[in-house]
Amino acid sequence: MTKRSTSPNDPSKQWDADRTTFQRVYDILVGTTDPVSAQQFAEWARCSETGARQALEQLVEMGIAERTGTRPAQYQRNPSYFQWKRVETLAREHSAGELRSRLAELIEADQDLQETYGVPDPDAVVVSDDPVEDHEALHDRWDDLTEWRTIRQDITILKRAVQRAESPNDGQIQSKT
């Protein structure tokens, strides 16, 4: 176990002082991908288990977190919420033309990888046939496949961001008066 710094400029103490329990639990949630108990959130966020559970239940109600399991309940971030948030940010910070341009670049990169590997999808690439002696080539292939999966995810997000950026009412509900 690592010893905490006792320096007055210790960033973790500043984090504790500057953030509420809810904010600290949210900060932890954003960085988690696997289900975690409220007890573990409490330890990481340096708060009571009750405080962590209350914050997590609020985050579930807001759609930011998901509850899994029952005893003990575990919590994880809701990937749909974070995808939506990313789409909204992209549409707000970039024009539809900029987004379309980046989308075209990613589609071209996807097509290049399809041609390179002769398959339509990164999951169709067989890696186990690679000779063990050529570790660098194997490493390069894994890097390509990781990048390809990221490209595919970004294409999906960018398509939604383009639609959002081109939305005529900017997401606002218009009244019929």
# chains A, B, ... in the order shown; residues from 1 in each chain; ligands from 1
$ closest_atom_pairs --of "range 36-131 of chain A" --to "range 151-167 of chain A" --cutoff "12 Å" --atoms "only C-alpha atoms" --output "CSV"
residue,atom,partner,partner_atom,distance
A:Ser80,CA,A:Ile157,CA,10.9
A:Phe82,CA,A:Ile157,CA,10.7
A:Gln83,CA,A:Ile157,CA,7.1
A:Trp84,CA,A:Ile157,CA,8.5
A:Lys85,CA,A:Ala161,CA,10.2
A:Arg86,CA,A:Ile157,CA,7.6
A:Val87,CA,A:Ala161,CA,4.8
A:Glu88,CA,A:Ala161,CA,6.8
A:Thr89,CA,A:Ala161,CA,8.4
A:Leu90,CA,A:Ala161,CA,6.1
A:Ala91,CA,A:Ala165,CA,4.7
A:Arg92,CA,A:Ala165,CA,7.1
A:Glu93,CA,A:Ala165,CA,9.4
A:His94,CA,A:Ala165,CA,8.0
A:Ser95,CA,A:Ala165,CA,6.7
A:Ala96,CA,A:Ala165,CA,5.3
A:Gly97,CA,A:Val162,CA,8.2
A:Glu98,CA,A:Val162,CA,9.0
A:Leu99,CA,A:Val162,CA,5.9
A:Arg100,CA,A:Val162,CA,6.5
A:Ser101,CA,A:Leu158,CA,10.0
A:Arg102,CA,A:Leu158,CA,8.0
A:Leu103,CA,A:Leu158,CA,6.1
A:Ala104,CA,A:Ile155,CA,8.9
A:Glu105,CA,A:Ile155,CA,9.6
A:Leu106,CA,A:Ile151,CA,6.2
A:Ile107,CA,A:Ile155,CA,7.1
A:Glu108,CA,A:Ile151,CA,10.1
A:Ala109,CA,A:Ile151,CA,7.7
A:Asp110,CA,A:Ile151,CA,6.8
A:Gln111,CA,A:Ile151,CA,10.6
A:Asp112,CA,A:Ile151,CA,11.5
A:Leu113,CA,A:Ile151,CA,10.1
A:Gln114,CA,A:Arg152,CA,11.6
A:Pro120,CA,A:Arg152,CA,11.4
A:Asp121,CA,A:Arg152,CA,9.1
A:Pro122,CA,A:Arg152,CA,9.2
A:Asp123,CA,A:Arg152,CA,11.4
$ select_by_dssp --residues "chain A" --states "alpha helix (DSSP H)" --output "NGL selection string"
:A and (11-18 or 21-30 or 38-45 or 49-61 or 79-93 or 96-117 or 135-165)
$ atom_distance --atom1 "CA of Pro168 in chain A" --atom2 "CA of Gly63 in chain A"
26.0 Å
$ residues_around --residues "Val127 in chain A" --least-positions-apart "6" --cutoff "9 Å" --atoms "only C-alpha atoms" --output "MDAnalysis selection string"
chainID A and resid 138 141:142
$ write_last_selection --atoms "all heavy atoms" --output "PDB file, in the first residue's frame"
ATOM      1  N   LEU A 138       3.604  -9.124 -34.820  1.00  0.00           N
ATOM      2  CA  LEU A 138       2.419  -9.443 -34.028  1.00  0.00           C
ATOM      3  C   LEU A 138       1.953  -8.203 -33.256  1.00  0.00           C
ATOM      4  O   LEU A 138       0.754  -7.891 -33.224  1.00  0.00           O
ATOM      5  CB  LEU A 138       2.729 -10.589 -33.067  1.00  0.00           C
ATOM      6  CG  LEU A 138       1.572 -11.095 -32.222  1.00  0.00           C
ATOM      7  CD1 LEU A 138       0.451 -11.637 -33.111  1.00  0.00           C
ATOM      8  CD2 LEU A 138       2.062 -12.183 -31.278  1.00  0.00           C
ATOM      9  N   ARG A 141       0.302  -5.808 -35.607  1.00  0.00           N
ATOM     10  CA  ARG A 141      -1.048  -6.266 -35.972  1.00  0.00           C
ATOM     11  C   ARG A 141      -2.025  -5.957 -34.850  1.00  0.00           C
ATOM     12  O   ARG A 141      -3.127  -5.467 -35.098  1.00  0.00           O
ATOM     13  CB  ARG A 141      -1.049  -7.764 -36.277  1.00  0.00           C
ATOM     14  CG  ARG A 141      -2.448  -8.258 -36.666  1.00  0.00           C
ATOM     15  CD  ARG A 141      -2.423  -9.640 -37.184  1.00  0.00           C
ATOM     16  NE  ARG A 141      -1.963  -9.569 -38.574  1.00  0.00           N
ATOM     17  CZ  ARG A 141      -2.106 -10.557 -39.435  1.00  0.00           C
ATOM     18  NH1 ARG A 141      -2.652 -11.678 -39.072  1.00  0.00           N
ATOM     19  NH2 ARG A 141      -1.699 -10.414 -40.664  1.00  0.00           N
ATOM     20  N   TRP A 142      -1.637  -6.198 -33.598  1.00  0.00           N
ATOM     21  CA  TRP A 142      -2.521  -5.885 -32.473  1.00  0.00           C
ATOM     22  C   TRP A 142      -2.797  -4.387 -32.406  1.00  0.00           C
ATOM     23  O   TRP A 142      -3.923  -3.964 -32.122  1.00  0.00           O
ATOM     24  CB  TRP A 142      -1.919  -6.378 -31.153  1.00  0.00           C
ATOM     25  CG  TRP A 142      -2.124  -7.856 -30.927  1.00  0.00           C
ATOM     26  CD1 TRP A 142      -1.170  -8.822 -30.921  1.00  0.00           C
ATOM     27  CD2 TRP A 142      -3.366  -8.526 -30.705  1.00  0.00           C
ATOM     28  NE1 TRP A 142      -1.740 -10.051 -30.707  1.00  0.00           N
ATOM     29  CE2 TRP A 142      -3.096  -9.898 -30.565  1.00  0.00           C
ATOM     30  CE3 TRP A 142      -4.675  -8.108 -30.610  1.00  0.00           C
ATOM     31  CZ2 TRP A 142      -4.078 -10.848 -30.339  1.00  0.00           C
ATOM     32  CZ3 TRP A 142      -5.672  -9.063 -30.382  1.00  0.00           C
ATOM     33  CH2 TRP A 142      -5.369 -10.407 -30.248  1.00  0.00           C
TER      34      TRP A 142
END
$ atom_distance --atom1 "CA of Ala73 in chain A" --atom2 "CA of Thr50 in chain A"
12.8 Å
$ atom_distance --atom1 "CA of Gln76 in chain A" --atom2 "CA of Pro35 in chain A"
4.7 Å
$ select_by_dssp --residues "range 13-120 of chain A" --states "strand (DSSP E)" --output "VMD selection string"
chain A and resid 36 to 37 65 to 68 74 to 77
$ closest_residue --among "A:Phe22, A:Trp148, A:Tyr75, A:Tyr81" --to "Gln54 in chain A" --atoms "only C-alpha atoms"
A:Phe22
$ closest_residue --among "A:Ala17, A:Leu29, A:Cys47, A:Ala137" --to "Pro79 in chain A" --atoms "only C-alpha atoms"
A:Leu29
$ closest_residue --among "A:Asn78, A:Val126, A:Asp143, A:Gly118" --to "Glu61 in chain A" --atoms "only C-alpha atoms"
A:Asn78
$ residues_around --residues "Leu56 in chain A" --least-positions-apart "4" --cutoff "12 Å" --atoms "only C-alpha atoms" --output "MDAnalysis selection string"
chainID A and resid 21:30 35:42 45 49:52 60:68 73:78
$ write_last_selection --atoms "N, CA and C atoms" --output "JSON list (two decimals), in the first residue's frame"
[["chain", "number", "residue", "atom", "x", "y", "z"],
["A", 21, "THR", "N", -18.98, 14.97, -1.91],
["A", 21, "THR", "CA", -19.01, 13.51, -2.01],
["A", 21, "THR", "C", -19.58, 13.10, -3.36],
["A", 22, "PHE", "N", -20.67, 13.74, -3.76],
["A", 22, "PHE", "CA", -21.28, 13.42, -5.05],
["A", 22, "PHE", "C", -20.29, 13.62, -6.18],
["A", 23, "GLN", "N", -19.58, 14.72, -6.19],
["A", 23, "GLN", "CA", -18.62, 15.01, -7.25],
["A", 23, "GLN", "C", -17.47, 14.00, -7.26],
["A", 24, "ARG", "N", -16.99, 13.62, -6.07],
["A", 24, "ARG", "CA", -15.90, 12.65, -6.01],
["A", 24, "ARG", "C", -16.36, 11.28, -6.51],
["A", 25, "VAL", "N", -17.58, 10.88, -6.14],
["A", 25, "VAL", "CA", -18.11, 9.60, -6.62],
["A", 25, "VAL", "C", -18.28, 9.65, -8.14],
["A", 26, "TYR", "N", -18.78, 10.77, -8.65],
["A", 26, "TYR", "CA", -18.90, 10.93, -10.10],
["A", 26, "TYR", "C", -17.52, 10.82, -10.77],
["A", 27, "ASP", "N", -16.53, 11.49, -10.22],
["A", 27, "ASP", "CA", -15.17, 11.44, -10.78],
["A", 27, "ASP", "C", -14.68, 9.99, -10.86],
["A", 28, "ILE", "N", -14.93, 9.22, -9.82],
["A", 28, "ILE", "CA", -14.52, 7.82, -9.79],
["A", 28, "ILE", "C", -15.32, 7.02, -10.82],
["A", 29, "LEU", "N", -16.61, 7.26, -10.88],
["A", 29, "LEU", "CA", -17.47, 6.53, -11.82],
["A", 29, "LEU", "C", -17.01, 6.70, -13.26],
["A", 30, "VAL", "N", -16.64, 7.91, -13.62],
["A", 30, "VAL", "CA", -16.20, 8.20, -14.98],
["A", 30, "VAL", "C", -15.01, 7.33, -15.37],
["A", 35, "PRO", "N", -18.26, -3.24, -13.09],
["A", 35, "PRO", "CA", -19.12, -3.02, -11.92],
["A", 35, "PRO", "C", -18.31, -3.02, -10.62],
["A", 36, "VAL", "N", -18.64, -2.08, -9.73],
["A", 36, "VAL", "CA", -17.92, -1.89, -8.48],
["A", 36, "VAL", "C", -18.94, -1.67, -7.37],
["A", 37, "SER", "N", -18.65, -2.18, -6.17],
["A", 37, "SER", "CA", -19.56, -2.03, -5.03],
["A", 37, "SER", "C", -19.52, -0.60, -4.49],
["A", 38, "ALA", "N", -20.58, -0.23, -3.80],
["A", 38, "ALA", "CA", -20.63, 1.09, -3.15],
["A", 38, "ALA", "C", -19.51, 1.20, -2.12],
["A", 39, "GLN", "N", -19.18, 0.10, -1.48],
["A", 39, "GLN", "CA", -18.10, 0.09, -0.50],
["A", 39, "GLN", "C", -16.77, 0.49, -1.15],
["A", 40, "GLN", "N", -16.52, -0.06, -2.35],
["A", 40, "GLN", "CA", -15.27, 0.27, -3.05],
["A", 40, "GLN", "C", -15.28, 1.73, -3.50],
["A", 41, "PHE", "N", -16.44, 2.20, -4.00],
["A", 41, "PHE", "CA", -16.55, 3.62, -4.37],
["A", 41, "PHE", "C", -16.26, 4.50, -3.16],
["A", 42, "ALA", "N", -16.78, 4.12, -1.99],
["A", 42, "ALA", "CA", -16.57, 4.89, -0.77],
["A", 42, "ALA", "C", -15.08, 4.98, -0.44],
["A", 45, "ALA", "N", -13.42, 7.23, -3.14],
["A", 45, "ALA", "CA", -13.86, 8.63, -3.06],
["A", 45, "ALA", "C", -13.63, 9.22, -1.66],
["A", 49, "GLU", "N", -19.75, 4.81, 3.14],
["A", 49, "GLU", "CA", -20.44, 3.92, 2.20],
["A", 49, "GLU", "C", -21.86, 4.43, 1.92],
["A", 50, "THR", "N", -22.51, 4.96, 2.96],
["A", 50, "THR", "CA", -23.85, 5.52, 2.79],
["A", 50, "THR", "C", -23.82, 6.70, 1.82],
["A", 51, "GLY", "N", -22.84, 7.57, 1.99],
["A", 51, "GLY", "CA", -22.70, 8.72, 1.09],
["A", 51, "GLY", "C", -22.44, 8.29, -0.34],
["A", 52, "ALA", "N", -21.58, 7.29, -0.50],
["A", 52, "ALA", "CA", -21.29, 6.78, -1.85],
["A", 52, "ALA", "C", -22.55, 6.17, -2.47],
["A", 60, "VAL", "N", -27.66, 6.86, -10.90],
["A", 60, "VAL", "CA", -28.50, 5.88, -11.60],
["A", 60, "VAL", "C", -29.79, 6.56, -12.07],
["A", 61, "GLU", "N", -30.42, 7.34, -11.17],
["A", 61, "GLU", "CA", -31.65, 8.06, -11.53],
["A", 61, "GLU", "C", -31.43, 9.02, -12.70],
["A", 62, "MET", "N", -30.25, 9.61, -12.76],
["A", 62, "MET", "CA", -29.92, 10.56, -13.83],
["A", 62, "MET", "C", -29.53, 9.85, -15.13],
["A", 63, "GLY", "N", -29.36, 8.53, -15.09],
["A", 63, "GLY", "CA", -28.97, 7.78, -16.29],
["A", 63, "GLY", "C", -27.47, 7.77, -16.53],
["A", 64, "ILE", "N", -26.69, 8.28, -15.61],
["A", 64, "ILE", "CA", -25.25, 8.36, -15.76],
["A", 64, "ILE", "C", -24.58, 7.05, -15.34],
["A", 65, "ALA", "N", -25.21, 6.36, -14.38],
["A", 65, "ALA", "CA", -24.69, 5.09, -13.89],
["A", 65, "ALA", "C", -25.75, 4.01, -14.05],
["A", 66, "GLU", "N", -25.30, 2.77, -13.97],
["A", 66, "GLU", "CA", -26.20, 1.61, -13.98],
["A", 66, "GLU", "C", -25.92, 0.78, -12.75],
["A", 67, "ARG", "N", -26.99, 0.22, -12.18],
["A", 67, "ARG", "CA", -26.84, -0.70, -11.04],
["A", 67, "ARG", "C", -26.90, -2.12, -11.59],
["A", 68, "THR", "N", -25.96, -2.95, -11.15],
["A", 68, "THR", "CA", -25.95, -4.35, -11.56],
["A", 68, "THR", "C", -25.90, -5.20, -10.30],
["A", 73, "ALA", "N", -25.18, -4.72, -4.33],
["A", 73, "ALA", "CA", -25.39, -3.98, -5.58],
["A", 73, "ALA", "C", -24.04, -3.45, -6.05],
["A", 74, "GLN", "N", -23.86, -3.46, -7.35],
["A", 74, "GLN", "CA", -22.65, -2.89, -7.94],
["A", 74, "GLN", "C", -23.07, -1.84, -8.94],
["A", 75, "TYR", "N", -22.16, -0.92, -9.20],
["A", 75, "TYR", "CA", -22.46, 0.20, -10.05],
["A", 75, "TYR", "C", -21.37, 0.36, -11.10],
["A", 76, "GLN", "N", -21.78, 0.83, -12.26],
["A", 76, "GLN", "CA", -20.82, 1.14, -13.32],
["A", 76, "GLN", "C", -21.38, 2.28, -14.13],
["A", 77, "ARG", "N", -20.50, 2.92, -14.90],
["A", 77, "ARG", "CA", -20.98, 4.02, -15.72],
["A", 77, "ARG", "C", -21.87, 3.46, -16.83],
["A", 78, "ASN", "N", -22.80, 4.28, -17.28],
["A", 78, "ASN", "CA", -23.70, 3.92, -18.36],
["A", 78, "ASN", "C", -23.05, 4.35, -19.67]]
